[in-house]
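Undergrad: Sharing a structure below in structure tokens format, with a few things to ask.
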Amino acid sequence: NLTVKIYPGGPPATRGTSAHLGVLAVGSTLHVPETRALRWAVAPAEAVSVGMVAFGVGIAECLEPAEMILAASGVARVTLVYANRHASQILYHDRLRALLAAHPRRFALRHAISRDDVPTAADGGTPTAAGVERRTRGRVDAAVIAAEFGSWAASEAHFLVVGTGAMERDAFGWIAESIGGAPRHLLQGARWRPLVQSP
């Protein structure tokens, strides 16, 4: 599956994937020379605690592993921190709520919304038919990571972080600080090769 985020007002002024795909006409074709080759570091049925941090469209790479783990294991817990600028930019809302409904005791979801006016209590939430869906105001930072994963045992946890390279480095650094050791990756493999080659 390929998820493309098209920004209102046009793509950002970068040479990144969103900018390139955002200007393609409907019906255009595109050759993708390489995708990320990933393998599981732990089998989905054997996972115990899985922490995920998705920055924006990074949710596309987190959602399927979360669904697979929750379906394969009756005991694994999955906590997802999903960062967006605005609540209107949340993708896959129906599938996330379906996971909350199906696994209310094993799946936790926190939306970190940086620009909308949302409740700021990290431990609060709005009960819905799908369980408790929490929304907090602010960016994902060391405090958010510590609040979600600080009590986890490093020996039982695996993590998946999807964003830009800088976002991933920062988040994994905060995770290491919060759990007191190097975090174990849920998936292993190479980064994506650039879709648009530099001149």
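Residue numbering restarts at 1 in every chain; chains get A, B, ... in the order shown in the structure tokens, and ligands count up from 1 in that same order.
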Set the distance at 12 Å and use only C-alpha atoms: which residues neighbour Ser178 in chain A once local chain neighbours fewer than 5 positions away are removed? I'd like the list as a PyMOL selection string.

TA: chain A and resi 141-154+171-173+183

Undergrad: Generate the output file for the selected residues, N, CA, C and O atoms, as a short mmCIF file (atom, residue, chain, number, x, y, z; two decimals), in the first residue's frame.

TA:
data_model
loop_
_atom_site.label_atom_id
_atom_site.label_comp_id
_atom_site.auth_asym_id
_atom_site.auth_seq_id
_atom_site.Cartn_x
_atom_site.Cartn_y
_atom_site.Cartn_z
N ASP A 141 7.88 15.08 22.18
CA ASP A 141 9.18 15.45 22.74
C ASP A 141 9.56 14.44 23.81
O ASP A 141 8.87 13.42 24.00
N ALA A 142 10.64 14.71 24.53
CA ALA A 142 11.12 13.77 25.55
C ALA A 142 10.08 13.53 26.63
O ALA A 142 9.92 12.41 27.12
N ALA A 143 9.31 14.58 27.00
CA ALA A 143 8.29 14.43 28.04
C ALA A 143 7.16 13.52 27.59
O ALA A 143 6.66 12.69 28.36
N VAL A 144 6.73 13.66 26.34
CA VAL A 144 5.66 12.81 25.79
C VAL A 144 6.13 11.35 25.76
O VAL A 144 5.41 10.44 26.17
N ILE A 145 7.33 11.14 25.28
CA ILE A 145 7.88 9.77 25.20
C ILE A 145 8.01 9.17 26.59
O ILE A 145 7.65 8.00 26.81
N ALA A 146 8.50 9.95 27.55
CA ALA A 146 8.64 9.44 28.92
C ALA A 146 7.28 9.09 29.52
O ALA A 146 7.14 8.08 30.22
N ALA A 147 6.27 9.91 29.24
CA ALA A 147 4.93 9.65 29.77
C ALA A 147 4.36 8.35 29.21
O ALA A 147 3.67 7.62 29.93
N GLU A 148 4.64 8.05 27.97
CA GLU A 148 4.08 6.85 27.34
C GLU A 148 4.90 5.59 27.59
O GLU A 148 4.34 4.51 27.76
N PHE A 149 6.23 5.72 27.60
CA PHE A 149 7.07 4.53 27.62
C PHE A 149 8.03 4.45 28.81
O PHE A 149 8.76 3.47 28.95
N GLY A 150 8.04 5.46 29.67
CA GLY A 150 9.01 5.52 30.75
C GLY A 150 8.95 4.36 31.74
O GLY A 150 9.95 4.02 32.36
N SER A 151 7.79 3.73 31.89
CA SER A 151 7.67 2.63 32.84
C SER A 151 7.91 1.27 32.20
O SER A 151 7.82 0.24 32.87
N TRP A 152 8.21 1.25 30.92
CA TRP A 152 8.38 -0.01 30.22
C TRP A 152 9.73 -0.66 30.51
O TRP A 152 10.74 0.04 30.69
N ALA A 153 9.77 -1.97 30.54
CA ALA A 153 11.01 -2.71 30.71
C ALA A 153 11.69 -2.83 29.34
O ALA A 153 11.09 -3.34 28.39
N ALA A 154 12.92 -2.36 29.27
CA ALA A 154 13.63 -2.38 27.99
C ALA A 154 13.76 -3.79 27.43
O ALA A 154 13.77 -4.01 26.22
N ALA A 171 13.45 10.79 18.36
CA ALA A 171 12.51 9.94 19.09
C ALA A 171 13.20 8.73 19.69
O ALA A 171 12.96 8.38 20.85
N PHE A 172 14.09 8.09 18.94
CA PHE A 172 14.80 6.94 19.49
C PHE A 172 15.72 7.37 20.64
O PHE A 172 15.91 6.63 21.60
N GLY A 173 16.27 8.58 20.56
CA GLY A 173 17.08 9.09 21.67
C GLY A 173 16.25 9.30 22.91
O GLY A 173 16.67 8.94 24.03
N PRO A 183 16.91 1.21 22.76
CA PRO A 183 15.65 0.57 22.37
C PRO A 183 15.87 -0.48 21.29
O PRO A 183 16.71 -0.33 20.42
#

Undergrad: For the helix (DSSP H, G or I) assignment from backbone DSSP, which residues of range 18-147 of chain A qualify? Please present them as a PyMOL selection string.

TA: chain A and resi 18-22+44-46+56-72+87-89+93-102+142-147

Undergrad: Could you tell me which of A:Glu61, A:Glu177, A:Glu133, A:Glu168 comes closest to His93 in chain A if we count only C-alpha atoms?

TA: A:Glu133

Undergrad: So that I can check the secondary structure, give me every residue of range 21-147 of chain A assigned strand (DSSP E) by backbone DSSP, as an NGL selection string.

TA: :A and (38-40 or 49-55 or 77-84 or 107-113 or 126-128 or 131-137)

Undergrad: Those same residues, written as a PDB file, in the first residue's frame with C-alpha atoms?

TA:
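result_15.pdb was written with the following content:
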ATOM      1  CA  LEU A  38      12.235  -4.672   6.255  1.00  0.00           C
ATOM      2  CA  ARG A  39      12.149  -7.791   8.372  1.00  0.00           C
ATOM      3  CA  TRP A  40      10.634  -8.415  11.791  1.00  0.00           C
ATOM      4  CA  SER A  49       5.256  -4.511  24.462  1.00  0.00           C
ATOM      5  CA  VAL A  50       5.425  -2.477  21.247  1.00  0.00           C
ATOM      6  CA  GLY A  51       5.794   1.287  21.180  1.00  0.00           C
ATOM      7  CA  MET A  52       5.199   3.198  17.965  1.00  0.00           C
ATOM      8  CA  VAL A  53       5.716   6.841  17.106  1.00  0.00           C
ATOM      9  CA  ALA A  54       4.260   8.009  13.791  1.00  0.00           C
ATOM     10  CA  PHE A  55       4.998  11.501  12.517  1.00  0.00           C
ATOM     11  CA  ARG A  77       0.224  -4.377  24.108  1.00  0.00           C
ATOM     12  CA  VAL A  78       0.736  -1.726  21.449  1.00  0.00           C
ATOM     13  CA  THR A  79       0.996   1.968  22.270  1.00  0.00           C
ATOM     14  CA  LEU A  80       0.909   4.404  19.355  1.00  0.00           C
ATOM     15  CA  VAL A  81       1.843   8.070  19.587  1.00  0.00           C
ATOM     16  CA  TYR A  82       0.636   9.775  16.414  1.00  0.00           C
ATOM     17  CA  ALA A  83       1.870  13.324  15.736  1.00  0.00           C
ATOM     18  CA  ASN A  84       0.126  15.815  13.445  1.00  0.00           C
ATOM     19  CA  PHE A 107      -4.069  -0.898  22.214  1.00  0.00           C
ATOM     20  CA  ALA A 108      -3.439   2.664  23.388  1.00  0.00           C
ATOM     21  CA  LEU A 109      -3.617   5.682  21.073  1.00  0.00           C
ATOM     22  CA  ARG A 110      -2.360   9.178  21.783  1.00  0.00           C
ATOM     23  CA  HIS A 111      -2.695  11.930  19.218  1.00  0.00           C
ATOM     24  CA  ALA A 112      -0.114  14.686  19.708  1.00  0.00           C
ATOM     25  CA  ILE A 113      -1.593  17.701  17.899  1.00  0.00           C
ATOM     26  CA  THR A 126     -12.516  11.084  25.426  1.00  0.00           C
ATOM     27  CA  PRO A 127     -14.461   7.844  25.853  1.00  0.00           C
ATOM     28  CA  THR A 128     -15.972   6.802  22.542  1.00  0.00           C
ATOM     29  CA  GLY A 131     -12.568   3.011  23.715  1.00  0.00           C
ATOM     30  CA  VAL A 132     -10.430   5.867  24.976  1.00  0.00           C
ATOM     31  CA  GLU A 133      -8.772   8.017  22.350  1.00  0.00           C
ATOM     32  CA  ARG A 134      -6.446  10.622  23.834  1.00  0.00           C
ATOM     33  CA  ARG A 135      -5.541  13.923  22.211  1.00  0.00           C
ATOM     34  CA  THR A 136      -2.941  16.223  23.661  1.00  0.00           C
ATOM     35  CA  ARG A 137      -1.625  19.552  22.485  1.00  0.00           C
TER      36      ARG A 137
END

Undergrad: Pick the closest to Trp174 in chain A from A:Leu186, A:Ser73, A:Phe159, A:Leu30: which is it, counting only C-alpha atoms?

TA: A:Phe159
